[in-house]
$ cat structure.tsv   # TSV, C-alpha atoms and all ligand atoms
chain	number	residue	atom	x	y	z
A	22	MET	CA	4.51	20.12	2.93
A	23	THR	CA	2.96	21.45	-0.26
A	24	GLU	CA	3.30	20.24	-3.84
A	25	LYS	CA	5.73	23.11	-4.49
A	26	ASP	CA	8.20	21.60	-2.01
A	27	PHE	CA	8.70	18.69	-4.38
A	28	LYS	CA	9.57	20.85	-7.38
A	29	ARG	CA	12.98	22.29	-8.08
A	30	SER	CA	13.91	24.89	-10.66
A	31	SER	CA	17.04	23.14	-11.87
A	32	PHE	CA	18.55	19.69	-11.84
A	33	GLU	CA	22.19	20.01	-12.87
A	34	HIS	CA	25.06	17.52	-12.95
A	35	LEU	CA	23.10	14.58	-14.26
A	36	PRO	CA	25.05	11.32	-13.84
A	37	LYS	CA	25.75	9.54	-17.13
A	38	SER	CA	24.66	6.14	-15.94
A	39	GLY	CA	24.10	4.05	-12.84
A	40	ASN	CA	21.74	1.69	-11.14
A	41	CYS	CA	20.02	1.08	-7.84
A	42	THR	CA	17.82	-1.57	-6.26
A	43	TRP	CA	15.03	-1.20	-3.73
A	44	LYS	CA	12.89	-3.79	-2.01
A	45	SER	CA	9.60	-2.29	-0.96
A	46	PRO	CA	6.81	-4.00	0.98
A	47	SER	CA	3.08	-4.13	0.60
A	48	ASN	CA	0.82	-2.77	3.34
A	49	ILE	CA	-2.59	-3.60	4.77
A	50	ALA	CA	-5.00	-0.79	5.62
A	51	LEU	CA	-6.83	-0.84	8.95
A	52	VAL	CA	-8.88	2.26	8.05
A	53	LYS	CA	-9.47	2.00	4.32
A	54	TYR	CA	-8.80	4.41	1.47
A	55	TRP	CA	-11.77	4.08	-0.85
A	56	GLY	CA	-12.67	7.11	-2.95
A	57	LYS	CA	-10.38	9.79	-4.35
A	58	LYS	CA	-10.33	13.27	-5.85
A	59	GLU	CA	-8.25	14.68	-8.72
A	60	ASN	CA	-4.49	14.04	-8.64
A	61	GLN	CA	-4.62	11.01	-6.37
A	62	ILE	CA	-5.93	12.97	-3.37
A	63	PRO	CA	-7.75	10.58	-1.02
A	64	ALA	CA	-11.37	11.26	-0.11
A	65	ASN	CA	-10.63	10.22	3.48
A	66	PRO	CA	-7.60	9.51	5.67
A	67	SER	CA	-6.38	5.92	6.10
A	68	VAL	CA	-3.92	4.06	8.31
A	69	SER	CA	-2.04	0.85	7.56
A	70	PHE	CA	0.38	-1.71	8.91
A	71	THR	CA	3.43	-1.96	6.69
A	72	LEU	CA	4.05	-5.61	5.80
A	73	ASP	CA	7.32	-7.46	5.63
A	74	ALA	CA	7.28	-10.62	3.49
A	75	CYS	CA	5.08	-9.43	0.61
A	76	ALA	CA	7.39	-7.14	-1.31
A	77	THR	CA	8.55	-6.02	-4.74
A	78	THR	CA	12.23	-5.74	-5.65
A	79	THR	CA	13.01	-3.28	-8.42
A	80	THR	CA	16.31	-2.46	-10.08
A	81	LEU	CA	16.52	0.74	-12.08
A	82	GLU	CA	19.34	1.16	-14.56
A	83	TYR	CA	19.64	4.66	-15.99
A	84	THR	CA	21.59	5.92	-18.98
A	85	LEU	CA	21.69	9.59	-19.96
A	86	LEU	CA	20.33	10.14	-23.48
A	87	ASP	CA	22.15	12.26	-26.04
A	88	GLU	CA	18.99	14.25	-26.63
A	89	ASP	CA	15.48	14.54	-25.13
A	90	LYS	CA	12.89	12.23	-26.63
A	91	ASP	CA	9.21	12.90	-27.22
A	92	GLU	CA	8.26	9.78	-25.34
A	93	PHE	CA	9.56	8.39	-22.08
A	94	SER	CA	12.28	5.92	-22.88
A	95	PHE	CA	12.20	2.70	-20.84
A	96	ASP	CA	12.20	-1.08	-21.04
A	97	LEU	CA	10.38	-3.11	-18.47
A	98	PHE	CA	11.13	-6.64	-17.29
A	99	PHE	CA	8.97	-8.57	-14.87
A	100	GLU	CA	10.54	-11.66	-13.32
A	101	GLY	CA	13.23	-11.63	-15.99
A	102	LYS	CA	10.96	-11.30	-19.02
A	103	PRO	CA	9.89	-8.23	-21.00
A	104	LYS	CA	6.42	-7.16	-19.84
A	105	ILE	CA	4.74	-4.88	-22.34
A	106	SER	CA	1.38	-4.99	-20.55
A	107	PHE	CA	2.83	-3.07	-17.56
A	108	LYS	CA	4.14	-0.24	-19.74
A	109	PRO	CA	0.99	1.95	-19.96
A	110	LYS	CA	0.78	2.10	-16.15
A	111	ILE	CA	4.45	3.12	-15.87
A	112	ASN	CA	4.02	5.61	-18.70
A	113	LYS	CA	1.08	7.19	-16.89
A	114	PHE	CA	3.14	7.30	-13.69
A	115	PHE	CA	5.98	9.08	-15.52
A	116	GLU	CA	3.49	11.59	-16.97
A	117	ARG	CA	2.14	12.34	-13.50
A	118	ILE	CA	5.56	12.80	-11.89
A	119	GLU	CA	7.35	14.62	-14.70
A	120	GLU	CA	6.67	18.09	-13.27
A	121	TYR	CA	8.42	17.00	-10.04
A	122	CYS	CA	11.17	14.95	-11.71
A	123	PRO	CA	11.83	16.63	-15.08
A	124	TYR	CA	15.12	14.71	-15.42
A	125	ILE	CA	13.22	11.48	-16.23
A	126	ARG	CA	12.89	12.59	-19.85
A	127	LYS	CA	16.67	12.81	-20.15
A	128	TYR	CA	17.25	9.13	-19.40
A	129	HIS	CA	16.71	5.73	-20.83
A	130	PHE	CA	15.61	3.37	-18.05
A	131	LYS	CA	15.79	-0.37	-17.71
A	132	ILE	CA	13.33	-1.36	-15.01
A	133	GLU	CA	13.58	-4.91	-13.69
A	134	THR	CA	11.00	-5.92	-11.15
A	135	SER	CA	9.92	-9.05	-9.30
A	136	ASN	CA	7.58	-9.91	-6.45
A	137	SER	CA	8.20	-12.11	-3.41
A	138	PHE	CA	4.65	-13.45	-3.80
A	139	PRO	CA	3.32	-15.31	-6.82
A	140	HIS	CA	1.90	-12.99	-9.48
A	141	SER	CA	-1.33	-14.96	-9.62
A	142	SER	CA	-2.04	-14.75	-5.90
A	143	GLY	CA	-4.72	-12.08	-6.11
A	144	ILE	CA	-2.40	-9.88	-4.01
A	145	ALA	CA	-2.23	-6.39	-5.43
A	146	SER	CA	1.34	-5.49	-6.27
A	147	SER	CA	0.67	-1.82	-7.00
A	148	ALA	CA	1.58	-0.63	-3.49
A	149	SER	CA	4.90	-2.47	-3.33
A	150	GLY	CA	5.64	-2.01	-7.05
A	151	MET	CA	4.99	1.71	-7.29
A	152	SER	CA	6.78	2.46	-4.03
A	153	ALA	CA	9.85	0.46	-5.15
A	154	LEU	CA	10.00	2.39	-8.43
A	155	ALA	CA	9.50	5.75	-6.68
A	156	LEU	CA	12.38	4.92	-4.33
A	157	CYS	CA	14.64	4.00	-7.25
A	158	LEU	CA	13.90	7.36	-8.88
A	159	MET	CA	14.69	9.10	-5.60
A	160	SER	CA	18.06	7.31	-5.49
A	161	LEU	CA	18.76	8.79	-8.93
A	162	GLU	CA	17.57	12.20	-7.71
A	163	LYS	CA	19.91	11.93	-4.72
A	164	GLU	CA	22.79	11.42	-7.14
A	165	ILE	CA	21.77	14.68	-8.78
A	166	VAL	CA	21.12	16.53	-5.50
A	167	PRO	CA	23.52	14.93	-2.98
A	168	GLU	CA	22.71	17.39	-0.20
A	169	MET	CA	19.14	16.05	0.02
A	170	THR	CA	18.17	15.00	3.57
A	171	GLN	CA	16.92	11.51	4.42
A	172	ASN	CA	13.65	13.01	5.55
A	173	TYR	CA	13.09	14.77	2.22
A	174	PHE	CA	14.09	11.58	0.39
A	175	ASN	CA	11.39	9.58	2.20
A	176	GLN	CA	8.77	12.28	1.88
A	177	LYS	CA	9.26	12.76	-1.83
A	178	ALA	CA	9.40	8.97	-2.39
A	179	SER	CA	6.00	8.68	-0.70
A	180	PHE	CA	4.67	11.69	-2.64
A	181	LEU	CA	5.75	10.16	-5.97
A	182	ALA	CA	4.53	6.67	-5.02
A	183	ARG	CA	1.09	8.14	-4.31
A	184	LEU	CA	0.93	9.44	-7.87
A	185	GLY	CA	1.52	5.87	-9.07
A	186	SER	CA	-0.98	4.21	-6.75
A	187	GLY	CA	-2.56	5.80	-3.68
A	188	SER	CA	-1.86	3.04	-1.21
A	189	ALA	CA	1.79	2.88	-2.37
A	190	CYS	CA	2.56	6.06	-0.42
A	191	ARG	CA	2.08	4.03	2.79
A	192	SER	CA	4.84	1.53	1.88
A	193	ILE	CA	8.01	3.64	2.21
A	194	GLU	CA	8.36	3.41	5.98
A	195	GLY	CA	6.97	1.32	8.81
A	196	ASN	CA	5.33	0.24	10.82
A	197	LEU	CA	2.11	2.20	11.11
A	198	ILE	CA	1.48	4.83	8.44
A	199	VAL	CA	-1.22	7.48	8.12
A	200	TRP	CA	-2.12	9.00	4.77
A	201	GLY	CA	-4.67	11.77	4.29
A	202	ASN	CA	-5.46	14.98	6.15
A	203	HIS	CA	-6.88	14.22	9.57
A	204	LYS	CA	-7.36	17.17	11.88
A	205	ASP	CA	-6.53	15.10	14.96
A	206	THR	CA	-3.31	13.57	13.57
A	207	ILE	CA	-0.44	16.01	13.63
A	208	GLY	CA	1.60	16.10	10.43
A	209	SER	CA	-0.95	14.09	8.41
A	210	SER	CA	-1.18	15.00	4.74
A	211	ASP	CA	-3.18	14.23	1.61
A	212	LEU	CA	0.07	14.32	-0.36
A	213	LEU	CA	2.06	11.58	1.35
A	214	GLY	CA	2.13	8.94	4.04
A	215	VAL	CA	3.62	9.80	7.45
A	216	ARG	CA	4.57	7.62	10.38
A	217	TYR	CA	1.82	7.43	12.97
A	218	PRO	CA	2.98	10.12	15.42
A	219	TYR	CA	1.53	8.94	18.75
A	220	GLU	CA	2.16	6.23	21.32
A	221	VAL	CA	1.53	2.63	20.28
A	222	HIS	CA	1.21	-0.16	22.88
A	223	SER	CA	3.70	-3.02	22.67
A	224	VAL	CA	0.88	-5.50	21.96
A	225	PHE	CA	1.00	-4.23	18.37
A	226	ASP	CA	4.74	-5.01	18.03
A	227	LYS	CA	5.31	-7.98	15.75
A	228	PHE	CA	1.63	-8.22	14.84
A	229	HIS	CA	0.96	-11.07	12.41
A	230	ASP	CA	-0.94	-11.03	9.12
A	231	THR	CA	-1.56	-14.42	7.54
A	232	ILE	CA	-3.02	-13.87	4.10
A	233	LEU	CA	-5.45	-16.58	3.04
A	234	LEU	CA	-5.53	-16.83	-0.74
A	235	VAL	CA	-9.17	-17.53	-1.41
A	236	ASP	CA	-9.21	-16.49	-5.04
A	237	LYS	CA	-5.96	-16.15	-6.94
A	238	GLY	CA	-7.59	-14.87	-10.13
A	239	LYS	CA	-7.45	-11.35	-11.45
A	240	LYS	CA	-9.85	-8.91	-9.79
A	241	GLN	CA	-13.10	-8.46	-11.73
A	242	VAL	CA	-13.22	-4.78	-10.82
A	243	SER	CA	-10.05	-2.70	-10.49
A	244	SER	CA	-9.49	-0.50	-7.43
A	245	THR	CA	-9.24	2.50	-9.74
A	246	LEU	CA	-12.79	1.91	-10.98
A	247	GLY	CA	-14.00	1.15	-7.45
A	248	HIS	CA	-12.64	4.51	-6.23
A	249	GLN	CA	-14.48	6.29	-9.05
A	250	LEU	CA	-17.75	4.69	-8.02
A	251	MET	CA	-17.54	6.56	-4.72
A	252	ASN	CA	-18.27	9.76	-6.68
A	253	GLY	CA	-21.98	10.30	-6.23
A	254	HIS	CA	-22.27	7.17	-4.07
A	255	PRO	CA	-25.35	7.52	-1.81
A	256	PHE	CA	-23.38	6.69	1.36
A	257	ALA	CA	-20.09	8.39	0.48
A	258	GLU	CA	-20.36	11.39	2.75
A	259	ASN	CA	-21.11	9.34	5.85
A	260	ARG	CA	-18.44	6.81	4.96
A	261	PHE	CA	-15.77	9.50	4.67
A	262	LYS	CA	-16.89	10.98	8.01
A	263	GLN	CA	-16.72	7.52	9.61
A	264	ALA	CA	-13.11	7.04	8.46
A	265	HIS	CA	-12.11	10.27	10.26
A	266	GLN	CA	-13.90	9.08	13.41
A	267	ASN	CA	-12.34	5.63	13.27
A	268	LEU	CA	-8.85	7.08	12.95
A	269	LEU	CA	-9.50	9.18	16.03
A	270	LYS	CA	-10.90	6.20	17.99
A	271	LEU	CA	-7.81	4.19	17.07
A	272	GLN	CA	-5.54	6.69	18.85
A	273	LYS	CA	-6.82	5.61	22.27
A	274	ILE	CA	-6.85	1.95	21.19
A	275	PHE	CA	-3.27	2.03	19.92
A	276	LYS	CA	-2.14	3.75	23.11
A	277	GLU	CA	-3.93	1.42	25.51
A	278	GLY	CA	-3.51	-1.78	23.50
A	279	ASP	CA	-7.26	-2.35	23.63
A	280	LEU	CA	-7.50	-5.30	21.24
A	281	LYS	CA	-11.26	-5.83	21.59
A	282	SER	CA	-11.95	-2.29	20.35
A	283	PHE	CA	-9.22	-2.67	17.70
A	284	ILE	CA	-11.02	-5.74	16.32
A	285	GLU	CA	-14.34	-3.90	16.20
A	286	ILE	CA	-12.91	-1.05	14.11
A	287	VAL	CA	-10.77	-3.18	11.81
A	288	GLU	CA	-13.53	-5.66	10.95
A	289	SER	CA	-16.11	-2.91	10.58
A	290	GLU	CA	-13.76	-1.06	8.18
A	291	ALA	CA	-13.31	-4.20	6.07
A	292	LEU	CA	-17.03	-4.88	5.87
A	293	THR	CA	-17.79	-1.21	5.18
A	294	LEU	CA	-15.34	-1.23	2.26
A	295	HIS	CA	-17.18	-4.18	0.73
A	296	ALA	CA	-20.56	-2.66	1.61
A	297	MET	CA	-19.55	0.39	-0.44
A	298	MET	CA	-18.85	-1.90	-3.39
A	299	MET	CA	-22.17	-3.67	-2.99
A	300	THR	CA	-24.09	-0.39	-2.86
A	301	SER	CA	-22.40	1.47	-5.72
A	302	LEU	CA	-23.80	1.65	-9.25
A	303	PRO	CA	-22.88	-0.58	-10.92
A	304	TYR	CA	-22.75	-2.76	-7.79
A	305	PHE	CA	-20.32	-5.61	-7.44
A	306	ILE	CA	-19.20	-8.24	-4.94
A	307	LEU	CA	-15.55	-9.21	-4.56
A	308	MET	CA	-16.02	-11.58	-1.63
A	309	GLN	CA	-16.41	-15.26	-2.48
A	310	PRO	CA	-18.36	-17.89	-0.53
A	311	ASN	CA	-15.09	-19.01	1.07
A	312	THR	CA	-14.38	-15.45	2.24
A	313	LEU	CA	-17.60	-15.62	4.27
A	314	GLN	CA	-16.86	-19.14	5.53
A	315	ILE	CA	-13.53	-17.90	6.88
A	316	ILE	CA	-15.11	-14.85	8.53
A	317	HIS	CA	-17.68	-17.03	10.29
A	318	LYS	CA	-15.00	-19.47	11.42
A	319	ILE	CA	-12.96	-16.59	12.89
A	320	TRP	CA	-15.98	-15.29	14.77
A	321	ALA	CA	-16.78	-18.76	16.13
A	322	PHE	CA	-13.16	-19.31	17.19
A	323	ARG	CA	-13.09	-15.97	18.98
A	324	GLU	CA	-16.34	-16.77	20.76
A	325	LYS	CA	-14.98	-20.14	21.89
A	326	THR	CA	-11.44	-19.14	22.89
A	327	ASN	CA	-11.64	-15.39	23.63
A	328	SER	CA	-8.72	-15.00	21.22
A	329	ASN	CA	-7.88	-11.59	19.73
A	330	VAL	CA	-7.67	-12.84	16.16
A	331	CYS	CA	-9.53	-10.75	13.58
A	332	PHE	CA	-9.78	-10.27	9.84
A	333	THR	CA	-9.51	-7.52	7.31
A	334	LEU	CA	-10.04	-7.51	3.55
A	335	ASP	CA	-8.61	-5.53	0.70
A	336	ALA	CA	-10.31	-5.07	-2.66
A	337	GLY	CA	-10.61	-8.79	-3.34
A	338	ALA	CA	-11.69	-12.14	-1.91
A	339	ASN	CA	-8.52	-12.91	0.08
A	340	VAL	CA	-8.66	-12.64	3.86
A	341	HIS	CA	-5.94	-11.06	5.99
A	342	VAL	CA	-5.95	-12.75	9.41
A	343	LEU	CA	-4.45	-10.40	12.02
A	344	TYR	CA	-3.26	-11.51	15.47
A	345	PRO	CA	-0.79	-10.52	18.18
A	346	GLU	CA	2.57	-12.22	18.70
A	347	SER	CA	1.40	-13.68	22.05
A	348	GLU	CA	-1.26	-15.76	20.28
A	349	LYS	CA	0.78	-16.91	17.32
A	350	GLU	CA	0.85	-20.65	18.17
A	351	LEU	CA	-2.82	-20.83	19.06
A	352	VAL	CA	-4.01	-18.91	16.00
A	353	PHE	CA	-1.66	-20.59	13.57
A	354	GLU	CA	-2.96	-24.01	14.67
A	355	PHE	CA	-6.49	-22.73	14.09
A	356	ILE	CA	-5.56	-21.41	10.63
A	357	LYS	CA	-3.99	-24.72	9.62
A	358	ASN	CA	-6.78	-26.86	11.02
A	359	GLU	CA	-9.82	-24.83	10.10
A	360	LEU	CA	-9.12	-22.09	7.54
A	361	VAL	CA	-6.60	-23.40	5.01
A	362	ALA	CA	-9.29	-25.70	3.59
A	363	TYR	CA	-11.01	-22.59	2.19
A	364	CYS	CA	-7.89	-21.35	0.37
A	365	GLU	CA	-7.37	-21.99	-3.33
A	366	ASN	CA	-5.04	-25.01	-3.52
A	367	GLY	CA	-4.48	-24.57	0.24
A	368	HIS	CA	-2.26	-21.53	-0.37
A	369	TYR	CA	-1.59	-18.81	2.17
A	370	ILE	CA	1.24	-16.37	3.01
A	371	CYS	CA	2.62	-15.76	6.51
A	372	ASP	CA	3.43	-12.09	6.88
A	373	ARG	CA	3.88	-9.70	9.76
A	374	ILE	CA	4.20	-6.02	10.49
A	375	GLY	CA	7.34	-4.57	8.88
A	376	PHE	CA	9.58	-1.54	8.97
A	377	GLY	CA	9.55	-0.22	5.42
A	378	ALA	CA	11.55	-0.34	2.22
A	379	LYS	CA	15.25	-1.22	2.02
A	380	GLN	CA	17.90	-0.31	-0.50
A	381	LEU	CA	19.66	-3.49	-1.53
A	382	ALA	CA	22.64	-2.36	-3.58
A	383	VAL	CA	24.01	0.77	-5.13
A	384	ASP	CA	26.57	0.50	-7.86
A	385	ILE	CA	27.15	3.87	-9.38
B	1	LIG	C1	-9.04	-1.35	-0.84
B	1	LIG	O1	-4.13	2.24	-3.91
B	1	LIG	O2	-4.87	0.25	-5.27
B	1	LIG	O3	-6.68	-1.56	-0.78
B	1	LIG	O4	-4.84	4.79	-6.03
B	1	LIG	O5	-6.28	3.75	-7.78
B	1	LIG	O6	-3.99	2.82	-7.33
B	1	LIG	P1	-5.21	3.52	-6.76
B	1	LIG	O7	-5.87	2.51	-5.71
B	1	LIG	P2	-5.22	1.56	-4.64
B	1	LIG	O8	-6.47	1.34	-3.67
B	1	LIG	C2	-6.36	0.53	-2.53
B	1	LIG	C3	-7.67	0.38	-1.89
B	1	LIG	C4	-7.73	-0.61	-0.74
B	1	LIG	C5	-7.73	0.11	0.61
B	1	LIG	C6	-6.41	0.65	1.10
B	1	LIG	O9	-5.35	0.09	0.81
B	1	LIG	O10	-6.47	1.65	1.86
$ encode --input "structure.tsv" --output "structure tokens" --more "lines below"
Ligand code: DP6
Amino acid sequence: MTEKDFKRSSFEHLPKSGNCTWKSPSNIALVKYWGKKENQIPANPSVSFTLDACATTTTLEYTLLDEDKDEFSFDLFFEGKPKISFKPKINKFFERIEEYCPYIRKYHFKIETSNSFPHSSGIASSASGMSALALCLMSLEKEIVPEMTQNYFNQKASFLARLGSGSACRSIEGNLIVWGNHKDTIGSSDLLGVRYPYEVHSVFDKFHDTILLVDKGKKQVSSTLGHQLMNGHPFAENRFKQAHQNLLKLQKIFKEGDLKSFIEIVESEALTLHAMMMTSLPYFILMQPNTLQIIHKIWAFREKTNSNVCFTLDAGANVHVLYPESEKELVFEFIKNELVAYCENGHYICDRIGFGAKQLAVDI
């Protein structure tokens, strides 16, 4: 696919009004996206598990305007209340996608959005939020172009979501998604997320991700700034090379279900992500003392029990605890007895690998 494939010379027969609702999940990267080029092109390929419980539900109501406006016309509601602070991000998203969706200027939109997880959980909602909105716009586009295939619908939804937030392009489908050109992954693309195309061992079915909420505050450094700090970073080139190698190593691991090697790559990726933050200029640390306590507890538990539990981190202090279905009782006991004490107010979220976004209702 190229960018041209997502443009169209004419969009006729615009519906007067309608609405649609999508519920789109978050995702957790195993090989991390950290560093980007112009136009939301990733500096390296990444792969993620799509999640299930952590999701954003967005309803888009659209009404055809009598005439084009100079500015994008939309109202935004978050959890039932107007949310002016989200508007600049949506406005920027509309600016970026306008050349692919010129019809957005012809509508007034009412966007109502809510998250399944508490807003102040330190969980980034950009992946689920931007993918849900991109899917809603694609439902409108499908009204305009009814002959559109399901495949094109998903591809363009991922392409648009990427322009809102990079990691959002990995939230359209499940359950293992690759984003970014990787010479050894057929079909991979910098423009959109694709389903991992090779064999995956059944040990990865129903994988669990329990998210330990160590710090529910707002991030001190945004991902967008963190990505920028990879420009001119002294270790950037090697880091990007390593991501390509790790993605290749994972192919054998996914196929054979080799959990020991899986753990080594996933934990190394998480620590490398944070090492990049600690060695950028300005440098910063997003882990908290309790993040490290949890990591050490996981290592000690693994040593003692030979369990296949491991951790990963996103751009924050929270810890994602990953484990296979066969160990769910054992690991969940361990989490409750030994890890929850390090969570803010004892809060955590039980999630698991999921199968992508769902349309909830169409009433047009
Ligand atoms: C650490 O997708 O939030 O979670 O493209 O600027 O919106 P923008 O960044 P974002 O970055 C996510 C970074 C990460 C790793 C990952 O999800 O791959």
$ closest_atom_pairs --input "structure.tsv" --of "chain A" --to "ligand LIG 1 (chain B)" --cutoff "9 Å" --atoms "all atoms listed in the file" --output "tab-separated table"
residue	atom	partner	partner_atom	distance
A:Asn48	CA	B:LIG1	O9	7.3
A:Ile49	CA	B:LIG1	O9	6.1
A:Ala50	CA	B:LIG1	O10	4.7
A:Leu51	CA	B:LIG1	O10	7.5
A:Val52	CA	B:LIG1	O10	6.7
A:Lys53	CA	B:LIG1	O10	3.9
A:Tyr54	CA	B:LIG1	O10	3.6
A:Trp55	CA	B:LIG1	C3	5.6
A:Gly56	CA	B:LIG1	C3	8.5
A:Lys57	CA	B:LIG1	O4	7.6
A:Gln61	CA	B:LIG1	O4	6.2
A:Ile62	CA	B:LIG1	O4	8.7
A:Pro63	CA	B:LIG1	O4	8.2
A:Pro66	CA	B:LIG1	O10	8.8
A:Ser67	CA	B:LIG1	O10	6.0
A:Val68	CA	B:LIG1	O10	7.3
A:Ser69	CA	B:LIG1	O10	7.3
A:Ala145	CA	B:LIG1	O2	7.1
A:Ser146	CA	B:LIG1	O2	8.5
A:Ser147	CA	B:LIG1	O2	6.2
A:Ala148	CA	B:LIG1	O1	6.4
A:Arg183	CA	B:LIG1	O4	7.0
A:Leu184	CA	B:LIG1	O4	7.6
A:Gly185	CA	B:LIG1	O6	6.5
A:Ser186	CA	B:LIG1	O6	3.4
A:Gly187	CA	B:LIG1	O4	3.4
A:Ser188	CA	B:LIG1	O1	3.6
A:Ala189	CA	B:LIG1	O1	6.2
A:Cys190	CA	B:LIG1	O1	8.5
A:Arg191	CA	B:LIG1	O9	8.6
A:Ser243	CA	B:LIG1	O2	7.9
A:Ser244	CA	B:LIG1	O7	5.0
A:Thr245	CA	B:LIG1	O5	3.8
A:Leu246	CA	B:LIG1	O5	7.5
A:Gly247	CA	B:LIG1	O5	8.2
A:His248	CA	B:LIG1	O5	6.6
A:Gln249	CA	B:LIG1	O5	8.7
A:Ala291	CA	B:LIG1	C1	8.6
A:Leu294	CA	B:LIG1	C1	7.0
A:His295	CA	B:LIG1	C1	8.8
A:Leu334	CA	B:LIG1	C1	7.6
A:Asp335	CA	B:LIG1	C1	4.5
A:Ala336	CA	B:LIG1	C1	4.3
A:Gly337	CA	B:LIG1	C1	8.0
$ atom_distance --input "structure.tsv" --atom1 "atom CA of Met159 of chain A" --atom2 "atom CA of Thr42 of chain A"
11.1 Å
$ atom_distance --input "structure.tsv" --atom1 "atom CA of Ile315 of chain A" --atom2 "atom CA of Glu346 of chain A"
20.8 Å
$ atom_distance --input "structure.tsv" --atom1 "atom CA of Leu250 of chain A" --atom2 "atom CA of His265 of chain A"
19.9 Å
$ residues_around --input "structure.tsv" --residues "segment 359-361 of chain A" --least-positions-apart "4" --cutoff "9 Å" --atoms "only C-alpha atoms" --output "list of chain:residue names"
A:Leu233, A:Leu234, A:Gln314, A:Ile315, A:Lys318, A:Ile319, A:Glu354, A:Phe355, A:Glu365, A:Asn366, A:Gly367, A:His368, A:Tyr369
$ closest_residue --input "structure.tsv" --among "A:Thr312, A:Ser160, A:Asn339, A:Gln263" --to "Lys237 of chain A" --atoms "only C-alpha atoms"
A:Asn339
$ closest_residue --input "structure.tsv" --among "A:Leu85, A:Ile111, A:Leu292, A:Leu156" --to "Leu381 of chain A" --atoms "all atoms listed in the file"
A:Leu156
$ decode --input "structure.tsv" --residues "segment 346-358 of chain A" --atoms "N, CA and C atoms" --output "PDB file, in the first residue's frame"
ATOM      1  N   GLU A 346      -1.970 -18.444  29.900  1.00  0.00           N
ATOM      2  CA  GLU A 346      -3.224 -18.936  30.487  1.00  0.00           C
ATOM      3  C   GLU A 346      -2.965 -20.085  31.481  1.00  0.00           C
ATOM      4  N   SER A 347      -2.024 -20.966  31.143  1.00  0.00           N
ATOM      5  CA  SER A 347      -1.786 -22.155  31.989  1.00  0.00           C
ATOM      6  C   SER A 347      -1.262 -21.789  33.379  1.00  0.00           C
ATOM      7  N   GLU A 348      -0.770 -20.550  33.538  1.00  0.00           N
ATOM      8  CA  GLU A 348      -0.213 -20.172  34.850  1.00  0.00           C
ATOM      9  C   GLU A 348      -1.079 -19.143  35.554  1.00  0.00           C
ATOM     10  N   LYS A 349      -2.313 -18.973  35.061  1.00  0.00           N
ATOM     11  CA  LYS A 349      -3.072 -17.819  35.564  1.00  0.00           C
ATOM     12  C   LYS A 349      -3.342 -17.864  37.068  1.00  0.00           C
ATOM     13  N   GLU A 350      -3.644 -19.050  37.616  1.00  0.00           N
ATOM     14  CA  GLU A 350      -3.935 -19.116  39.071  1.00  0.00           C
ATOM     15  C   GLU A 350      -2.680 -18.799  39.875  1.00  0.00           C
ATOM     16  N   LEU A 351      -1.610 -19.470  39.506  1.00  0.00           N
ATOM     17  CA  LEU A 351      -0.340 -19.304  40.223  1.00  0.00           C
ATOM     18  C   LEU A 351       0.107 -17.835  40.215  1.00  0.00           C
ATOM     19  N   VAL A 352       0.097 -17.237  39.032  1.00  0.00           N
ATOM     20  CA  VAL A 352       0.619 -15.864  38.911  1.00  0.00           C
ATOM     21  C   VAL A 352      -0.338 -14.863  39.554  1.00  0.00           C
ATOM     22  N   PHE A 353      -1.616 -15.118  39.433  1.00  0.00           N
ATOM     23  CA  PHE A 353      -2.561 -14.154  40.015  1.00  0.00           C
ATOM     24  C   PHE A 353      -2.452 -14.136  41.541  1.00  0.00           C
ATOM     25  N   GLU A 354      -2.236 -15.320  42.129  1.00  0.00           N
ATOM     26  CA  GLU A 354      -1.996 -15.387  43.593  1.00  0.00           C
ATOM     27  C   GLU A 354      -0.775 -14.547  43.964  1.00  0.00           C
ATOM     28  N   PHE A 355       0.283 -14.736  43.164  1.00  0.00           N
ATOM     29  CA  PHE A 355       1.536 -13.997  43.396  1.00  0.00           C
ATOM     30  C   PHE A 355       1.291 -12.484  43.298  1.00  0.00           C
ATOM     31  N   ILE A 356       0.532 -12.081  42.273  1.00  0.00           N
ATOM     32  CA  ILE A 356       0.253 -10.643  42.091  1.00  0.00           C
ATOM     33  C   ILE A 356      -0.474 -10.107  43.330  1.00  0.00           C
ATOM     34  N   LYS A 357      -1.508 -10.839  43.730  1.00  0.00           N
ATOM     35  CA  LYS A 357      -2.309 -10.357  44.880  1.00  0.00           C
ATOM     36  C   LYS A 357      -1.481 -10.322  46.166  1.00  0.00           C
ATOM     37  N   ASN A 358      -0.687 -11.363  46.369  1.00  0.00           N
ATOM     38  CA  ASN A 358       0.055 -11.459  47.633  1.00  0.00           C
ATOM     39  C   ASN A 358       1.283 -10.567  47.677  1.00  0.00           C
TER      40      ASN A 358
END
